[in-house]
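For reference, the structure discussed in these notes is given below.
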Amino acid sequence: METVISIKPLLAVLVTLFVIPILISSSARPNVREAWIFIAGIIKLGLVFSMLPVILEGKQIALILFEIAPGAELAFRVDGLGMLFAIVAASLYIVTSVYSIGYMRGLDEHGQTRFVSFFALALSATIGVAFSANLLTLYLFYEILSLATYPLVTHHQDENSKISGRRYLVFILGTSIALVLPAMIYCYHVTGTLEFSTAGIFTGQLSRPAATVLLLMFLFGFAKAGIMPFHSWLPAAMVAPTPVSALLHAVAVVKVGVFSIVRVMTGIFGVGLLSAYNLGIMVMIIASVTILVGSCIALSQDELKRRLAFSTVSQLSYIVFGVALLSPQGLLGGVIHIVLHAFGKITLFFCAGAIFVATGKKYISQMSGLGKKMPFTFAAFFIGSLSVIGLPPTGGFYSKWNLILGTLEAQQTIFMVVLLISSFLNAFYFLPVVYNGFFGKSDDEGAESPVKIQEANLCLLIPLIITAVISIVLFFYPTIFINLVKVGLGIS
Amino acid sequence: MDNYPVLIVVAPFMTALFAGLFIWIEERLSYPIVLTGLAVSVFSAVNVLLRVIASGTIQYNMAGWPPPIGIEYRIDLLNAMVLCLVSGVAFLNLIASYRSVQQEISDRTGAYYTVYNLFITGLLGVTITGDLFNLYVLIEITSLTSYAQVAMGDRDRGPLASLNYIFIGVIGASFYLLGVGYLYMFTGSLNMVDVAVIIKDSQGSSTVLVAFILCILGVWIKMALFPMHVWLPNAYSYSPVVFSRAVAPLMTKVMVYVMIRLMITVFGYDYLFQKLQISDAVVWVATIAVLAGGIMALAQKNLKKMLAYIIVCEIGYMVGGAWLGNRLGMTGAILHIMNDALMTFALFLGVGNMIYRQKSVDLTDLRGLFGKMPWTMGGFVLAALSIIGVPPTCGFFSKWYLLLGAFEKGAYHFAAALIISSLICAVLFFRVFEICFFEPMPHGHENLHSHGIIEEAPVSMLVVSGIVSFFLIFAGLYSGTIVNTIILPFLG
């Protein structure tokens, strides 16, 4: 594989880090502060895109920063997979920043400078995870992300957020120290390297039981992926302001967890070892349980953000599921779901936040008839729902399609049933929201009086329209992401 | 042959004496005098380190008398590094101390500075000397000056803590002296290298065995290895903060250095690990020390005392690492000498800043501190993350080597203890952060005006905190370089 040495990955990570002092120093002038966020976000996205052509040609971009020990440097290596994730995170950061202005100012939140600063830090860490060349670097950025997100989750500084913050730390920081750290060091002890490679790093040093234990330690240790029973931090983290839930708990943080699992399965163990030891089935069973149980719990939630959170728990396991199929179609469907789910789910969260800012309503039972007042928001919600369920004409269709093909390819028909049941469940918990929104009767509305449109302010509305439109566009033009997956995983 | 090696020790010693004289002439001048002494010491130590890296071990015969008759200073990579560390921390602490001393011990500033520099002289002497009896004398200088400084602290409890410290300290010193006596009896020499050569061929001798047991027990008592730690928490928490800032990072670490020096230079690997075969037992003791230190820290209600118990825990890391009996473990232990000194210094600097403003660091008095002292808390958080072992702070990297060493030895209990103590430290520190972040400011009449107003520590203290925070990251990122240029060449 041809490798290009470039400082761009480092710059892409650092841009949002270096902007933080500027943000703090301009805290008295919110408009200047917000302008700097956009400048940083656009530079970041520009840097990411400038690397895209090289990656699509099948090359990789590498940079070694610090040599910690042989085989375990702090180093970046951009490949198709990392590129795909970085594009999603960096582009949605800009959209979320617009949204965040509308949301935070709309609710007149306190501590806005602290909020945007830690947000920028979280983004740096996310891109760092995407571009990591080895497990050590990935772990470093993973931990930074955990810590940067804590003040965002506990932003309200009340009793409720304190409890959620504790749960967040126990699940996220606790599992990464207790499970991932020893597993990682054991891998290094056995092989002397932590560098990701498609063939895996083990050359026959692992027995089947040892491989099983290690894989489980990684699977549950990267608890950001929300695999049950380590999922309950995610609904708890919904106390955070909605921009955090939207970007971090539907895209950046949770996908970092899944991305880490994908990296470990494809880059540390390698597809060959996993299929030789037949470990894919075990992961698929764990993922299937999460998919189904997550969907069922989502059905019973009345608070919109919590319903979305359980839906996320369930959808994240699709990605793990796809990779565990260990077949080309399955890998493609799983990894591409990182992108497609991101755009669908962030739209849904944006809608939930817009409804809350405009009307103060958090519970689905209160939203009856609201679609007439907020037609754009509910239309976007509809599109987002379709994408998450996996129906055309939205991008989500594409990943579900490939996952189902993957189960057939791997001759795991039983698991196809899991996917189908889950899709039905998705439809059951999303579509009634939309239906009641448009056609239900609202409590406070007089029978005759014409309904006035009362959408949330433009800063909230434009982002959710953009992401909804992209969800549709991805149905027609998913090629670039498909190519990235193929380049990244070496499948033709 | 220039005189840098001797300047390292003589400069602080002479300036201590001058500062003592100036108490009667012009007390205000004592501060610049001792500061100059330490500055010269830092400069010489760095110079010596660079020379040792470039051209190998330096031998310096005091007053030109060759060993074994005269006292020899023998500086290799290990003590060159520790010398830089001790003089650097001592110098920085003195800068930060100026305002604290004015506040805490304003009536005895000259006396304090004199004793402080004598204390540092002792530590530097212990580190630099190549003579076993000289080592004893210098340990006693260090101890006597510590007793004095502890007694200058809390008016009620300082003297009692000091008395306790004296009793146990004297026992430790007596053990060591007795051990040296046996060695002298057997070899007729006090020079470390000389003794090592003579006892190499007589490893079955029971005299050497008794000497070894007495020496190592003495050192363990002095370094507060659990269960010989009982003097430490009170001595460190009731002393004036200017002193605890220096003694906490330096004293125990220098004693760990002495242990490693005795292990490697005097008794030798063959004797310890082939002949005696006690390493398993010592690693078990270290394991218990790590866990016990952490658990006792959980029970504390005062920040300073909590940190003192964390030191007990960290001692277990280093003793365990050194006694694993492999290169990786020893690398981890030596790296941790440096990293732990930096982390502990950073934590106690934070405590010093808090005490300067708050007077008390009982956990309940720390409410709202993130808003009141953001810079101090920033440094404190970084140091805490380093203790927990979050990359890229330095604490992670020594833990990395220690864990690798434990895996190589198969000492899984020690590895488990390291992981569990990381989790305990996470609980400990996030409990503190929660109080600082969530609890509202106490509504006493004096605090009512200051609500939401930044009341930081003086600039001199903040600058030192900033420098040390920088080193926490710097030492972490360059730990590969440090290991390759200093520790591995030292271990040969």
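Residue numbering restarts at 1 for every chain of the structure tokens, chains are lettered A, B, ... in their displayed order, and ligands are numbered from 1 as they appear.
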Item to complete: Please provide the set of residues having any atom within 6 Å of region 89-104 of chain B, restricted to only C-alpha atoms, with same-chain residues fewer than 5 positions apart removed, written as a VMD selection string.
Response: chain B and resid 38 242 460 to 461
Practice prompt. Check every residue of chain A for an atom within 6 Å of chain B, counting only C-alpha atoms, and provide those that qualify as an MDAnalysis selection string.
Written response: chainID A and resid 67:69 140 157
Taking N, CA and C atoms for each residue, export the selection above as a JSON list (two decimals), in the first residue's frame.
[["chain", "number", "residue", "atom", "x", "y", "z"],
["A", 67, "GLU", "N", 7.46, 8.53, 19.38],
["A", 67, "GLU", "CA", 7.73, 7.11, 19.55],
["A", 67, "GLU", "C", 7.64, 6.80, 21.04],
["A", 68, "ILE", "N", 6.62, 6.05, 21.43],
["A", 68, "ILE", "CA", 6.49, 5.68, 22.85],
["A", 68, "ILE", "C", 7.28, 4.42, 23.10],
["A", 69, "ALA", "N", 7.03, 3.42, 22.30],
["A", 69, "ALA", "CA", 7.76, 2.17, 22.38],
["A", 69, "ALA", "C", 7.71, 1.59, 20.98],
["A", 140, "LEU", "N", -5.82, 6.86, 23.35],
["A", 140, "LEU", "CA", -5.54, 8.21, 23.85],
["A", 140, "LEU", "C", -6.68, 9.16, 23.51],
["A", 157, "GLN", "N", -25.54, 21.46, 35.57],
["A", 157, "GLN", "CA", -25.01, 21.54, 36.92],
["A", 157, "GLN", "C", -26.06, 21.38, 38.01]]
Fill in: Spatial neighbours of region 118-129 of chain B, 6 Å, only C-alpha atoms, chain gap at least 3 places, as a VMD selection string
chain B and resid 9 12 to 13 73 79 115 135 138 141 to 142 145
So that I have them on file, write out the residues from the current selection with N, CA and C atoms, as a PDB file, in the first residue's frame.
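Result file is again12.pdb:
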ATOM      1  N   VAL B   9      25.378  20.113  45.177  1.00  0.00           N
ATOM      2  CA  VAL B   9      25.080  19.950  46.590  1.00  0.00           C
ATOM      3  C   VAL B   9      25.552  21.155  47.400  1.00  0.00           C
ATOM      4  N   PRO B  12      23.261  24.785  47.390  1.00  0.00           N
ATOM      5  CA  PRO B  12      22.167  24.945  48.358  1.00  0.00           C
ATOM      6  C   PRO B  12      22.641  24.897  49.801  1.00  0.00           C
ATOM      7  N   PHE B  13      23.707  24.137  50.068  1.00  0.00           N
ATOM      8  CA  PHE B  13      24.193  24.019  51.442  1.00  0.00           C
ATOM      9  C   PHE B  13      24.758  25.349  51.941  1.00  0.00           C
ATOM     10  N   TYR B  73      31.655  10.789  44.737  1.00  0.00           N
ATOM     11  CA  TYR B  73      30.389  11.069  44.079  1.00  0.00           C
ATOM     12  C   TYR B  73      30.400  10.304  42.780  1.00  0.00           C
ATOM     13  N   ASN B  79      21.021   8.573  38.640  1.00  0.00           N
ATOM     14  CA  ASN B  79      20.962   9.666  39.608  1.00  0.00           C
ATOM     15  C   ASN B  79      21.099  11.037  38.967  1.00  0.00           C
ATOM     16  N   VAL B 115      16.171  25.995  56.775  1.00  0.00           N
ATOM     17  CA  VAL B 115      15.893  24.568  56.961  1.00  0.00           C
ATOM     18  C   VAL B 115      15.514  23.933  55.630  1.00  0.00           C
ATOM     19  N   LEU B 135      25.641   8.152  52.688  1.00  0.00           N
ATOM     20  CA  LEU B 135      24.213   8.092  52.391  1.00  0.00           C
ATOM     21  C   LEU B 135      23.403   8.160  53.681  1.00  0.00           C
ATOM     22  N   LEU B 138      23.382  11.670  55.121  1.00  0.00           N
ATOM     23  CA  LEU B 138      22.543  12.597  54.371  1.00  0.00           C
ATOM     24  C   LEU B 138      21.054  12.290  54.564  1.00  0.00           C
ATOM     25  N   ILE B 141      20.216  14.007  57.673  1.00  0.00           N
ATOM     26  CA  ILE B 141      20.059  15.463  57.487  1.00  0.00           C
ATOM     27  C   ILE B 141      18.675  15.756  56.922  1.00  0.00           C
ATOM     28  N   THR B 142      18.312  14.973  55.903  1.00  0.00           N
ATOM     29  CA  THR B 142      16.999  15.158  55.290  1.00  0.00           C
ATOM     30  C   THR B 142      15.898  14.967  56.321  1.00  0.00           C
ATOM     31  N   THR B 145      15.707  17.747  59.138  1.00  0.00           N
ATOM     32  CA  THR B 145      15.114  18.985  58.656  1.00  0.00           C
ATOM     33  C   THR B 145      13.621  18.806  58.373  1.00  0.00           C
TER      34      THR B 145
END
Worksheet item: Near Ile414 (chain A), counting only C-alpha atoms, which residues have an atom at most 12 Å away, once you skip same-chain residues fewer than 6 positions from it, shown as a list in words?
Response: Ile281, Met284, Ile285, Ser288, Ile404, Thr407, Leu408, Leu420 and Ile421 of chain A
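Proximity to Val129 (chain A) was assessed for A:Val88, A:Val256, A:Phe49, A:Leu215 counting only C-alpha atoms; the smallest distance is recorded for A:Val256.
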Discussion item. I'd like the interatomic distance between CA of Ala133 (chain A) and CA of Phe196 (chain A), to a tenth of an Å.
Written reply: 6.4 Å
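Put simply, CA of Ser300 (chain A) is 23.8 Å away from CA of Lys400 (chain A).
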May I have the residues within 10 Å of Ser245 (chain A) as a short mmCIF file (atom, residue, chain, number, x, y, z; two decimals) with N, CA and C atoms, in the first residue's frame, using only C-alpha atoms and disregarding those fewer than 3 positions away in the same chain?
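Now in around-v8.cif:
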data_model
loop_
_atom_site.label_atom_id
_atom_site.label_comp_id
_atom_site.auth_asym_id
_atom_site.auth_seq_id
_atom_site.Cartn_x
_atom_site.Cartn_y
_atom_site.Cartn_z
N LEU A 152 -19.98 18.54 29.20
CA LEU A 152 -21.12 18.84 28.32
C LEU A 152 -22.36 18.10 28.79
N VAL A 153 -22.17 16.86 29.23
CA VAL A 153 -23.31 16.09 29.73
C VAL A 153 -23.87 16.75 30.99
N LEU A 234 -26.21 6.04 27.94
CA LEU A 234 -26.64 6.85 26.80
C LEU A 234 -28.00 7.52 27.05
N PRO A 235 -29.01 6.77 27.48
CA PRO A 235 -30.26 7.48 27.84
C PRO A 235 -30.05 8.49 28.96
N ALA A 237 -27.43 10.24 29.49
CA ALA A 237 -26.72 11.42 28.98
C ALA A 237 -27.65 12.37 28.24
N MET A 238 -28.91 12.00 28.09
CA MET A 238 -29.85 12.87 27.39
C MET A 238 -30.20 14.11 28.20
N VAL A 239 -29.73 14.20 29.45
CA VAL A 239 -29.97 15.44 30.20
C VAL A 239 -29.18 16.59 29.59
N ALA A 240 -28.21 16.28 28.76
CA ALA A 240 -27.38 17.34 28.18
C ALA A 240 -28.22 18.19 27.23
N PRO A 241 -27.77 19.43 26.95
CA PRO A 241 -28.45 20.23 25.93
C PRO A 241 -28.50 19.47 24.60
N THR A 242 -29.53 19.71 23.81
CA THR A 242 -29.76 18.90 22.61
C THR A 242 -28.62 18.91 21.58
N LEU A 248 -22.96 14.56 19.61
CA LEU A 248 -22.09 13.63 20.32
C LEU A 248 -22.78 12.29 20.56
N HIS A 249 -24.06 12.34 20.97
CA HIS A 249 -24.67 11.07 21.34
C HIS A 249 -25.51 10.45 20.24
N ALA A 250 -25.39 10.99 19.03
CA ALA A 250 -25.94 10.27 17.89
C ALA A 250 -24.84 10.05 16.86
N VAL A 251 -23.79 10.87 16.91
CA VAL A 251 -22.76 10.76 15.89
C VAL A 251 -21.39 10.54 16.53
N ALA A 252 -20.80 11.59 17.07
CA ALA A 252 -19.37 11.51 17.39
C ALA A 252 -19.05 10.47 18.46
N VAL A 253 -19.56 10.65 19.67
CA VAL A 253 -19.13 9.78 20.76
C VAL A 253 -19.51 8.33 20.52
N LYS A 305 -36.51 12.42 23.47
CA LYS A 305 -35.06 12.24 23.40
C LYS A 305 -34.65 10.87 23.92
N LEU A 308 -35.30 8.37 21.22
CA LEU A 308 -34.22 8.44 20.23
C LEU A 308 -32.97 7.77 20.75
N ALA A 309 -32.70 7.94 22.06
CA ALA A 309 -31.48 7.36 22.64
C ALA A 309 -31.51 5.84 22.55
N ILE A 346 -29.22 12.46 13.47
CA ILE A 346 -28.98 13.85 13.89
C ILE A 346 -30.18 14.70 13.49
N PHE A 349 -32.75 14.26 16.21
CA PHE A 349 -32.41 15.01 17.42
C PHE A 349 -32.61 16.51 17.22
N PHE A 350 -32.21 17.00 16.05
CA PHE A 350 -32.41 18.42 15.76
C PHE A 350 -33.90 18.76 15.88
N GLY A 353 -34.97 18.92 19.51
CA GLY A 353 -34.54 20.16 20.14
C GLY A 353 -35.35 21.35 19.66
#
Worksheet entry | Non-local contacts of Tyr363 (chain A) (10 Å; only C-alpha atoms; under 5 positions in same chain excluded) as an NGL selection string | :A and (301-307 or 352 or 356 or 368)
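We find CA of Asn339 (chain B) and CA of Gly321 (chain B) to be spaced 13.9 Å apart.
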Worksheet item: Among region 213-382 of chain A, which ones does DSSP place in alpha helix (DSSP H), written as number ranges by chain?
Response: A: 213-221, 233-236, 242-243, 253-263, 271-276, 280-299, 304-324, 328-359, 370-373, 375-382
Worksheet item: If you count only C-alpha atoms, which residues fall within 12 Å of Gly280 (chain A), apart from same-chain ones fewer than 4 positions away, as a PyMOL selection string?
Response: chain A and resi 211-212+215-216+265-266+269-276+284-288+320-327+330-331+407+410+412
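Take the candidates B:Ala11, B:Ile467, B:Ala151, B:Leu21 and check each one against Leu35 (chain B) using only C-alpha atoms; the shortest distance goes to B:Ala11.
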